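Novice: Structure file coords24.tsv (TSV, C-alpha atoms) is given on the next line.
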chain	number	residue	atom	x	y	z
D	1	MET	CA	25.77	-23.49	0.59
D	2	ILE	CA	23.47	-22.02	-2.08
D	3	LEU	CA	24.13	-22.48	-5.79
D	4	VAL	CA	23.30	-19.32	-7.76
D	5	THR	CA	23.25	-20.07	-11.47
D	6	GLY	CA	24.14	-16.98	-13.46
D	7	GLY	CA	25.74	-15.59	-10.33
D	8	LEU	CA	27.87	-13.10	-12.28
D	9	GLY	CA	24.88	-11.68	-14.15
D	10	PHE	CA	22.78	-8.62	-13.41
D	11	ILE	CA	20.21	-9.96	-10.94
D	12	GLY	CA	22.40	-12.96	-10.05
D	13	SER	CA	25.30	-10.91	-8.71
D	14	HIS	CA	23.02	-8.73	-6.58
D	15	THR	CA	21.23	-11.83	-5.31
D	16	ALA	CA	24.54	-13.41	-4.33
D	17	ARG	CA	25.42	-10.23	-2.43
D	18	ALA	CA	22.02	-10.25	-0.70
D	19	LEU	CA	22.41	-13.91	0.31
D	20	THR	CA	25.88	-13.33	1.77
D	21	ASP	CA	24.51	-10.29	3.61
D	22	LEU	CA	22.13	-12.75	5.29
D	23	GLY	CA	25.08	-14.93	6.32
D	24	GLU	CA	24.80	-17.52	3.55
D	25	THR	CA	27.67	-18.90	1.45
D	26	CYS	CA	27.28	-19.27	-2.31
D	27	VAL	CA	28.59	-21.07	-5.36
D	28	LEU	CA	28.18	-18.83	-8.40
D	29	THR	CA	28.14	-20.36	-11.85
D	30	ARG	CA	29.45	-18.68	-14.95
D	31	HIS	CA	29.58	-19.83	-18.54
D	32	SER	CA	31.83	-17.68	-20.74
D	33	ASN	CA	31.92	-14.49	-18.67
D	34	ALA	CA	34.79	-14.45	-16.18
D	35	GLU	CA	34.58	-10.79	-15.10
D	36	ILE	CA	33.61	-10.31	-11.47
D	37	PRO	CA	30.94	-7.57	-11.24
D	38	PRO	CA	31.75	-4.67	-8.93
D	39	VAL	CA	28.81	-5.55	-6.68
D	40	LEU	CA	30.62	-8.77	-5.74
D	41	ALA	CA	33.85	-7.03	-4.75
D	42	GLY	CA	35.09	-8.33	-1.42
D	43	ILE	CA	32.88	-11.42	-1.18
D	44	VAL	CA	34.27	-13.71	-3.90
D	45	GLY	CA	36.73	-16.02	-2.16
D	46	PRO	CA	36.88	-18.64	0.58
D	47	GLY	CA	34.16	-18.33	3.16
D	48	ALA	CA	31.62	-16.22	1.25
D	49	ALA	CA	31.25	-16.98	-2.47
D	50	VAL	CA	33.17	-19.07	-4.97
D	51	VAL	CA	32.84	-18.99	-8.76
D	52	GLU	CA	32.67	-22.14	-10.86
D	53	GLN	CA	32.74	-22.28	-14.67
D	54	VAL	CA	30.06	-24.63	-15.93
D	55	ASP	CA	27.57	-24.92	-18.77
D	56	ILE	CA	24.29	-25.58	-16.96
D	57	GLU	CA	22.99	-27.37	-20.06
D	58	ASP	CA	25.65	-30.02	-19.41
D	59	THR	CA	23.80	-32.04	-16.78
D	60	GLU	CA	26.77	-34.19	-15.81
D	61	ALA	CA	29.03	-31.16	-15.35
D	62	LEU	CA	26.44	-29.38	-13.25
D	63	ILE	CA	25.77	-32.39	-11.04
D	64	ALA	CA	29.54	-32.79	-10.55
D	65	LEU	CA	29.54	-29.49	-8.63
D	66	GLY	CA	27.88	-31.43	-5.83
D	67	GLU	CA	31.06	-33.46	-5.41
D	68	ALA	CA	33.08	-30.31	-4.69
D	69	HIS	CA	30.51	-28.36	-2.68
D	70	ASP	CA	27.83	-29.24	-0.14
D	71	ILE	CA	25.00	-27.53	-2.00
D	72	THR	CA	21.80	-27.25	0.01
D	73	GLY	CA	19.77	-24.87	-2.17
D	74	ILE	CA	19.57	-23.50	-5.71
D	75	VAL	CA	18.60	-20.06	-6.99
D	76	HIS	CA	18.27	-20.48	-10.75
D	77	LEU	CA	18.92	-17.26	-12.67
D	78	ALA	CA	21.08	-18.39	-15.61
D	79	ASP	CA	18.86	-18.63	-18.65
D	80	PRO	CA	20.63	-19.35	-21.95
D	81	ALA	CA	17.20	-20.04	-23.42
D	82	VAL	CA	16.31	-16.34	-23.08
D	83	ALA	CA	19.21	-15.44	-25.36
D	84	ARG	CA	17.90	-17.93	-27.91
D	85	VAL	CA	14.42	-16.45	-27.79
D	86	MET	CA	15.73	-12.90	-28.06
D	87	GLY	CA	18.07	-13.85	-30.89
D	88	SER	CA	15.34	-15.59	-32.85
D	89	ALA	CA	13.64	-12.25	-33.47
D	90	THR	CA	16.29	-11.38	-36.06
D	91	SER	CA	16.37	-14.81	-37.68
D	92	ALA	CA	12.90	-16.17	-38.32
D	93	GLY	CA	12.68	-19.91	-37.81
D	94	ALA	CA	16.25	-20.21	-36.51
D	95	MET	CA	15.35	-20.98	-32.90
D	96	GLN	CA	16.18	-24.51	-31.75
D	97	PHE	CA	13.15	-25.35	-29.61
D	98	ALA	CA	14.68	-28.61	-28.38
D	99	THR	CA	17.34	-26.68	-26.46
D	100	LEU	CA	15.11	-24.19	-24.65
D	101	PHE	CA	14.68	-26.13	-21.41
D	102	ARG	CA	17.92	-28.10	-21.14
D	103	GLY	CA	19.34	-25.81	-18.48
D	104	LEU	CA	16.15	-26.00	-16.42
D	105	GLY	CA	16.10	-29.78	-16.70
D	106	SER	CA	19.70	-29.98	-15.52
D	107	VAL	CA	18.94	-27.79	-12.50
D	108	LEU	CA	15.90	-29.86	-11.53
D	109	ASP	CA	17.85	-33.11	-11.90
D	110	ALA	CA	20.68	-31.73	-9.76
D	111	ALA	CA	18.17	-30.60	-7.11
D	112	ARG	CA	16.70	-34.09	-6.96
D	113	ILE	CA	20.10	-35.80	-6.72
D	114	TRP	CA	21.47	-33.37	-4.13
D	115	LYS	CA	18.18	-33.38	-2.17
D	116	VAL	CA	18.35	-29.63	-1.68
D	117	LYS	CA	16.11	-27.83	0.80
D	118	ARG	CA	14.66	-25.44	-1.79
D	119	VAL	CA	14.91	-24.41	-5.44
D	120	THR	CA	14.00	-20.84	-6.37
D	121	LEU	CA	13.22	-20.31	-10.06
D	122	VAL	CA	13.03	-16.81	-11.51
D	123	SER	CA	10.02	-16.19	-13.74
D	124	THR	CA	8.77	-12.81	-15.03
D	125	ILE	CA	6.00	-10.23	-14.75
D	126	GLY	CA	5.44	-11.06	-18.42
D	127	VAL	CA	3.33	-14.09	-17.49
D	128	TYR	CA	0.52	-11.60	-16.76
D	129	MET	CA	0.35	-10.48	-20.40
D	130	GLY	CA	-3.28	-10.85	-21.42
D	131	ALA	CA	-4.49	-11.14	-17.81
D	132	GLY	CA	-6.32	-7.79	-17.93
D	133	ASP	CA	-5.98	-4.87	-15.54
D	134	GLY	CA	-3.95	-4.97	-12.35
D	135	PRO	CA	-2.96	-5.12	-9.65
D	136	TRP	CA	-1.84	-8.61	-10.64
D	137	ARG	CA	-2.06	-11.37	-8.02
D	138	GLU	CA	-0.33	-14.72	-8.11
D	139	ASP	CA	-3.65	-16.58	-8.04
D	140	MET	CA	-5.06	-14.83	-11.11
D	141	PRO	CA	-5.78	-17.10	-14.09
D	142	LEU	CA	-3.18	-16.68	-16.85
D	143	THR	CA	-3.63	-17.04	-20.57
D	144	VAL	CA	-2.00	-20.12	-22.08
D	145	GLY	CA	-0.52	-18.37	-25.09
D	146	SER	CA	1.61	-15.25	-25.40
D	147	SER	CA	2.83	-12.88	-28.08
D	148	HIS	CA	6.45	-13.25	-26.90
D	149	GLY	CA	8.66	-16.27	-26.36
D	150	ILE	CA	9.93	-15.42	-22.88
D	151	PRO	CA	6.52	-15.43	-21.13
D	152	VAL	CA	5.77	-18.69	-22.94
D	153	MET	CA	8.99	-20.21	-21.57
D	154	LYS	CA	8.32	-18.95	-18.05
D	155	LYS	CA	4.76	-20.28	-17.98
D	156	VAL	CA	6.06	-23.70	-18.99
D	157	THR	CA	8.81	-23.37	-16.36
D	158	GLU	CA	6.29	-22.64	-13.60
D	159	THR	CA	4.09	-25.57	-14.66
D	160	LEU	CA	7.06	-27.94	-14.79
D	161	ALA	CA	8.28	-26.68	-11.41
D	162	GLY	CA	5.02	-27.63	-9.72
D	163	PHE	CA	5.10	-31.08	-11.27
D	164	ALA	CA	8.79	-31.61	-10.43
D	165	SER	CA	8.23	-30.61	-6.81
D	166	GLN	CA	5.31	-33.02	-6.54
D	167	GLU	CA	7.33	-35.87	-8.06
D	168	THR	CA	10.61	-35.34	-6.18
D	169	GLY	CA	9.50	-33.84	-2.88
D	170	VAL	CA	11.96	-30.96	-3.36
D	171	PRO	CA	10.31	-27.61	-2.48
D	172	ILE	CA	10.35	-25.38	-5.57
D	173	VAL	CA	9.22	-21.77	-5.53
D	174	CYS	CA	8.80	-19.45	-8.51
D	175	VAL	CA	9.28	-15.69	-8.26
D	176	ARG	CA	7.89	-13.16	-10.73
D	177	PRO	CA	9.99	-9.97	-10.77
D	178	SER	CA	8.71	-6.78	-12.37
D	179	GLY	CA	10.82	-4.28	-14.34
D	180	ILE	CA	14.22	-4.59	-12.66
D	181	TRP	CA	16.76	-1.80	-13.07
D	182	GLY	CA	19.93	-0.48	-11.51
D	183	PRO	CA	23.72	-1.06	-11.49
D	184	GLY	CA	24.73	-3.75	-13.94
D	185	GLY	CA	21.47	-3.66	-15.89
D	186	ARG	CA	20.90	-3.03	-19.57
D	187	ASN	CA	21.53	0.43	-20.96
D	188	SER	CA	18.09	0.47	-22.57
D	189	SER	CA	14.98	-1.66	-22.86
D	190	ARG	CA	12.16	-1.96	-25.36
D	191	ILE	CA	9.82	-2.91	-22.53
D	192	PHE	CA	10.21	0.02	-20.14
D	193	ALA	CA	11.73	3.46	-20.58
D	194	LEU	CA	13.61	3.91	-17.29
D	195	PRO	CA	17.02	2.34	-18.15
D	196	GLY	CA	17.35	4.31	-21.38
D	197	LEU	CA	16.22	7.53	-19.72
D	198	VAL	CA	18.80	7.18	-16.94
D	199	HIS	CA	21.63	6.53	-19.39
D	200	THR	CA	20.51	9.41	-21.59
D	201	ALA	CA	20.49	11.75	-18.58
D	202	VAL	CA	24.07	10.77	-17.72
D	203	HIS	CA	25.33	10.47	-21.31
D	204	PRO	CA	23.07	12.66	-23.47
D	205	ASP	CA	25.23	12.12	-26.56
D	206	THR	CA	24.23	8.43	-26.66
D	207	ALA	CA	20.52	9.06	-27.29
D	208	THR	CA	19.07	8.31	-30.73
D	209	PRO	CA	16.30	10.45	-32.26
D	210	ASP	CA	13.56	7.80	-32.02
D	211	GLN	CA	14.78	5.95	-28.93
D	212	PHE	CA	11.76	6.92	-26.83
D	213	SER	CA	9.16	7.27	-29.56
D	214	ARG	CA	7.22	4.24	-28.35
D	215	PHE	CA	6.92	5.50	-24.75
D	216	ARG	CA	4.28	7.95	-23.53
D	217	ASP	CA	4.15	10.15	-20.43
D	218	ASP	CA	1.25	8.37	-18.77
D	219	ASP	CA	2.28	4.81	-19.62
D	220	ALA	CA	3.11	3.10	-16.35
D	221	GLY	CA	4.58	-0.10	-15.00
D	222	ASP	CA	5.87	-1.80	-11.89
D	223	LEU	CA	9.53	-0.86	-11.36
D	224	CYS	CA	11.82	-2.45	-8.77
D	225	TYR	CA	15.38	-1.43	-7.99
D	226	VAL	CA	17.69	-4.42	-8.40
D	227	LYS	CA	18.89	-4.37	-4.78
D	228	ASP	CA	15.29	-4.62	-3.56
D	229	CYS	CA	14.62	-7.46	-5.99
D	230	ALA	CA	17.74	-9.33	-4.86
D	231	HIS	CA	16.83	-8.88	-1.20
D	232	ALA	CA	13.35	-10.25	-1.86
D	233	ILE	CA	14.75	-13.32	-3.65
D	234	ALA	CA	17.15	-13.91	-0.75
D	235	LEU	CA	14.35	-13.62	1.81
D	236	ILE	CA	12.15	-16.05	-0.10
D	237	HIS	CA	14.92	-18.58	-0.60
D	238	THR	CA	16.05	-18.57	3.03
D	239	ALA	CA	12.59	-18.42	4.65
D	240	ARG	CA	12.01	-21.27	7.09
D	241	HIS	CA	8.46	-21.69	5.85
D	242	LEU	CA	6.57	-20.44	2.82
D	243	ASN	CA	2.81	-20.63	2.39
D	244	HIS	CA	2.88	-20.47	-1.40
D	245	ALA	CA	4.83	-21.73	-4.41
D	246	THR	CA	4.68	-18.44	-6.35
D	247	TYR	CA	5.58	-14.88	-5.30
D	248	ASN	CA	5.50	-11.51	-7.03
D	249	ILE	CA	8.49	-9.19	-6.57
D	250	GLY	CA	8.09	-5.54	-7.45
D	251	GLY	CA	7.93	-1.95	-6.37
D	252	GLY	CA	4.40	-2.22	-5.05
D	253	ARG	CA	2.80	0.35	-7.37
D	254	ALA	CA	2.77	1.59	-10.93
D	255	PHE	CA	5.27	4.32	-11.90
D	256	THR	CA	4.58	6.53	-14.94
D	257	ASN	CA	7.24	7.53	-17.44
D	258	GLY	CA	6.45	11.12	-16.52
D	259	GLU	CA	7.41	10.40	-12.90
D	260	VAL	CA	10.71	8.90	-14.06
D	261	VAL	CA	11.52	11.97	-16.18
D	262	ALA	CA	10.67	14.32	-13.29
D	263	SER	CA	12.81	12.34	-10.83
D	264	LEU	CA	15.74	12.38	-13.24
D	265	GLY	CA	15.36	16.13	-13.67
D	266	ALA	CA	15.67	16.54	-9.91
D	267	VAL	CA	18.87	14.45	-9.81
D	268	VAL	CA	20.55	15.56	-13.05
D	269	PRO	CA	20.36	19.36	-13.43
D	270	GLY	CA	19.27	20.41	-16.89
D	271	PHE	CA	17.91	17.03	-17.92
D	272	ALA	CA	14.64	17.29	-19.80
D	273	ILE	CA	13.06	15.09	-22.42
D	274	GLN	CA	9.69	15.35	-24.11
D	275	LEU	CA	7.76	12.10	-24.36
D	276	SER	CA	4.50	11.79	-26.26
D	277	PRO	CA	1.59	12.91	-24.07
D	278	GLY	CA	-1.14	10.65	-22.79
D	279	LYS	CA	-1.34	6.87	-22.59
D	280	THR	CA	-0.90	4.19	-25.22
D	281	PRO	CA	-4.30	2.82	-26.30
D	282	GLY	CA	-5.01	-0.49	-24.62
D	283	HIS	CA	-2.50	0.09	-21.84
D	284	PRO	CA	-3.83	-1.77	-18.75
D	285	GLN	CA	-5.08	0.02	-15.65
D	286	ASP	CA	-3.05	-0.37	-12.44
D	287	PRO	CA	-0.23	-2.34	-14.13
D	288	TYR	CA	1.64	-3.45	-11.04
D	289	LEU	CA	2.20	-6.56	-8.93
D	290	ASP	CA	0.33	-7.25	-5.71
D	291	LEU	CA	2.94	-7.95	-3.01
D	292	THR	CA	0.64	-9.24	-0.27
D	293	ARG	CA	2.07	-12.76	-0.28
D	294	LEU	CA	5.64	-11.50	-0.25
D	295	ARG	CA	5.00	-9.10	2.65
D	296	ASN	CA	3.07	-11.61	4.72
D	297	ASP	CA	5.54	-14.50	4.34
D	298	THR	CA	8.88	-12.65	4.43
D	299	GLY	CA	8.23	-9.17	5.84
D	300	PHE	CA	9.64	-7.63	2.65
D	301	LYS	CA	9.03	-4.03	1.74
D	302	PRO	CA	10.97	-2.01	-0.85
D	303	THR	CA	13.85	-0.01	0.61
D	304	TYR	CA	14.43	2.19	-2.44
D	305	SER	CA	11.97	4.76	-3.67
D	306	LEU	CA	12.09	5.79	-7.32
D	307	GLU	CA	14.02	8.90	-6.32
D	308	THR	CA	16.63	7.21	-4.10
D	309	GLY	CA	17.18	4.46	-6.64
D	310	ILE	CA	17.68	6.94	-9.47
D	311	HIS	CA	20.08	8.99	-7.34
D	312	GLU	CA	22.21	5.93	-6.56
D	313	TYR	CA	22.13	4.62	-10.14
D	314	VAL	CA	23.05	8.01	-11.63
D	315	SER	CA	25.97	8.30	-9.19
D	316	TRP	CA	27.08	4.78	-10.13
D	317	LEU	CA	27.16	5.67	-13.84
D	318	GLN	CA	28.83	9.02	-13.22
D	319	GLU	CA	31.63	7.15	-11.44
D	320	GLY	CA	32.52	5.57	-14.81
D	321	ASN	CA	30.57	2.31	-14.69
D	322	VAL	CA	29.19	1.56	-18.16
D	323	ARG	CA	26.05	-0.24	-16.92
Translate this file's structure into structure tokens.
Specialist:
Amino acid sequence: MILVTGGLGFIGSHTARALTDLGETCVLTRHSNAEIPPVLAGIVGPGAAVVEQVDIEDTEALIALGEAHDITGIVHLADPAVARVMGSATSAGAMQFATLFRGLGSVLDAARIWKVKRVTLVSTIGVYMGAGDGPWREDMPLTVGSSHGIPVMKKVTETLAGFASQETGVPIVCVRPSGIWGPGGRNSSRIFALPGLVHTAVHPDTATPDQFSRFRDDDAGDLCYVKDCAHAIALIHTARHLNHATYNIGGGRAFTNGEVVASLGAVVPGFAIQLSPGKTPGHPQDPYLDLTRLRNDTGFKPTYSLETGIHEYVSWLQEGNVR
């Protein structure tokens, strides 16, 4: 039985679905959210996936789950620290640094006590900030610092994971997803244009005048549909043998904002939006993740193209889903 922390969240719910599709059973943690995402319809219940309310920062409460369930693996997606980092942007100096890694520490302690077969920790493509042009490989040297709190946290997480695995003997693998989008995701993002463009195409009245002013036609990034990302995480976590402790997860190439707009225009008749021409100065060349390790060790390849993903996501939103 695999514990999926944050199992009712965006990537967590899709990952739980992907794990059950592979025949696994799951325990999904939630904190305050009790709403079962539509993607989990039909699998939450005896025999497939159960939901447990727990604050992962409460180490004793988390470890107690092992008394009720025979947990053999952990996929760690819940990240209350991310909310703290994001929230600190509007309140300078308000972040409580001492709390940033409590959840991670609880998960690692539980893994050691339960003697699980593997822990999969979710990192971010953001660790490559400052690493130069792509394609970005897992063995590239990374800068120590960062201009944003989340990559800082994830770099520390990856370093601690390697040390914890060495000390406890529990296999720990870190995955670095790219820009993840699709059903259940955010309506917009300051990092990449796609989510906001899709929602604007479906609900044009929600767009604000300057919403896309920071994005240019030729700016590009690695985009991965959430179902592909979840499948990759599931393959990594359930693999009998892995040759590495770190894996990129992405779409396998860079997608320009212009490509996204054109694909949306083909799916949503009449949709057109004018982004600023050209590329943002300093934008890296080939900004995408190298997937060689992932392909070689799991056989993964993306199932969704940009076009098929957009078509499915647009249909999902047109059916009345708000995210």
Novice: Can you work out which one of D:Leu275, D:Thr15, D:His76, D:Asp139 has the shortest atom-to-atom distance to D:Pro209, counting all atoms listed in the file?
Specialist: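 Looking only at the distances to D:Pro209, the closest residue turns out to be D:Leu275.
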Novice: Tell me which protein, DNA and RNA residues are within 10 Å of D:Phe300, counting all atoms listed in the file, leaving out same-chain ones fewer than 3 positions away, and put them as a PyMOL selection string.
Specialist: chain D and resi 228-229+231-233+235-236+249+291-297+303
Novice: Excluding stretch 263-266 of chain D and its own-chain neighbours fewer than 2 positions away, which residues fall within 8 Å of it when counting all atoms listed in the file? Please give them as a list in words.
Specialist: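 Listing them by chain and then by number gives Val198, Ala201, Glu259, Val260, Val261, Val268, Pro269, Gly270, Phe271, Ala272, Leu306, Glu307 and Ile310 of chain D.
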Novice: Which value, in Å to one decimal, gives the distance between atom CA of D:Ala48 and atom CA of D:Ala245?
Specialist: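 Interatomic distance here is 27.9 Å.
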Novice: For each of D:Tyr288, D:Phe101, D:Trp114, D:Trp316, take the minimum atom-to-atom distance to D:Ile71, counting all atoms listed in the file, then give the residue where this is smallest.
Specialist: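 The shortest atom-to-atom distance to D:Ile71 comes from D:Trp114.
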Novice: Just to confirm, what's the straight-line distance from atom CA of D:Leu197 to atom CA of D:Ser276 in Å (one decimal)?
Specialist: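 A separation of 14.1 Å between them.
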Novice: Using only C-alpha atoms, find the one residue out of D:His241, D:Arg323, D:His148, D:Lys227 that sits nearest to D:Gly185.
Specialist: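 For D:Gly185, the nearest of the given residues is D:Arg323.
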Novice: Residues within 9 Å of D:Leu22, please, as a ChimeraX atom specification. Count all atoms listed in the file; anything in the same chain fewer than 5 positions from it doesn't count.
Specialist: /D:17,234-235,238
Novice: What are the closest atom pairs, with distances in Å to one decimal, for all residues of stretch 68-179 of chain D lying within 9 Å of stretch 213-226 of chain D? Consider all atoms listed in the file, order rows by chain and residue number, and present the result as a Markdown table.
Specialist:
| residue | atom | partner | partner_atom | distance |
| --- | --- | --- | --- | --- |
| D:Ile125 | CA | D:Asp222 | CA | 8.9 |
| D:Pro177 | CA | D:Cys224 | CA | 8.0 |
| D:Ser178 | CA | D:Asp222 | CA | 5.8 |
| D:Gly179 | CA | D:Leu223 | CA | 4.7 |
Novice: Next, the residues of the selection above should be written as a PDB file, in the frame of the given file with C-alpha atoms.
Specialist:
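Wrote part-v9.pdb, looks like this:
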ATOM      1  CA  ILE D 125       6.000 -10.230 -14.750  1.00  0.00           C
ATOM      2  CA  PRO D 177       9.990  -9.970 -10.770  1.00  0.00           C
ATOM      3  CA  SER D 178       8.710  -6.780 -12.370  1.00  0.00           C
ATOM      4  CA  GLY D 179      10.820  -4.280 -14.340  1.00  0.00           C
TER       5      GLY D 179
END
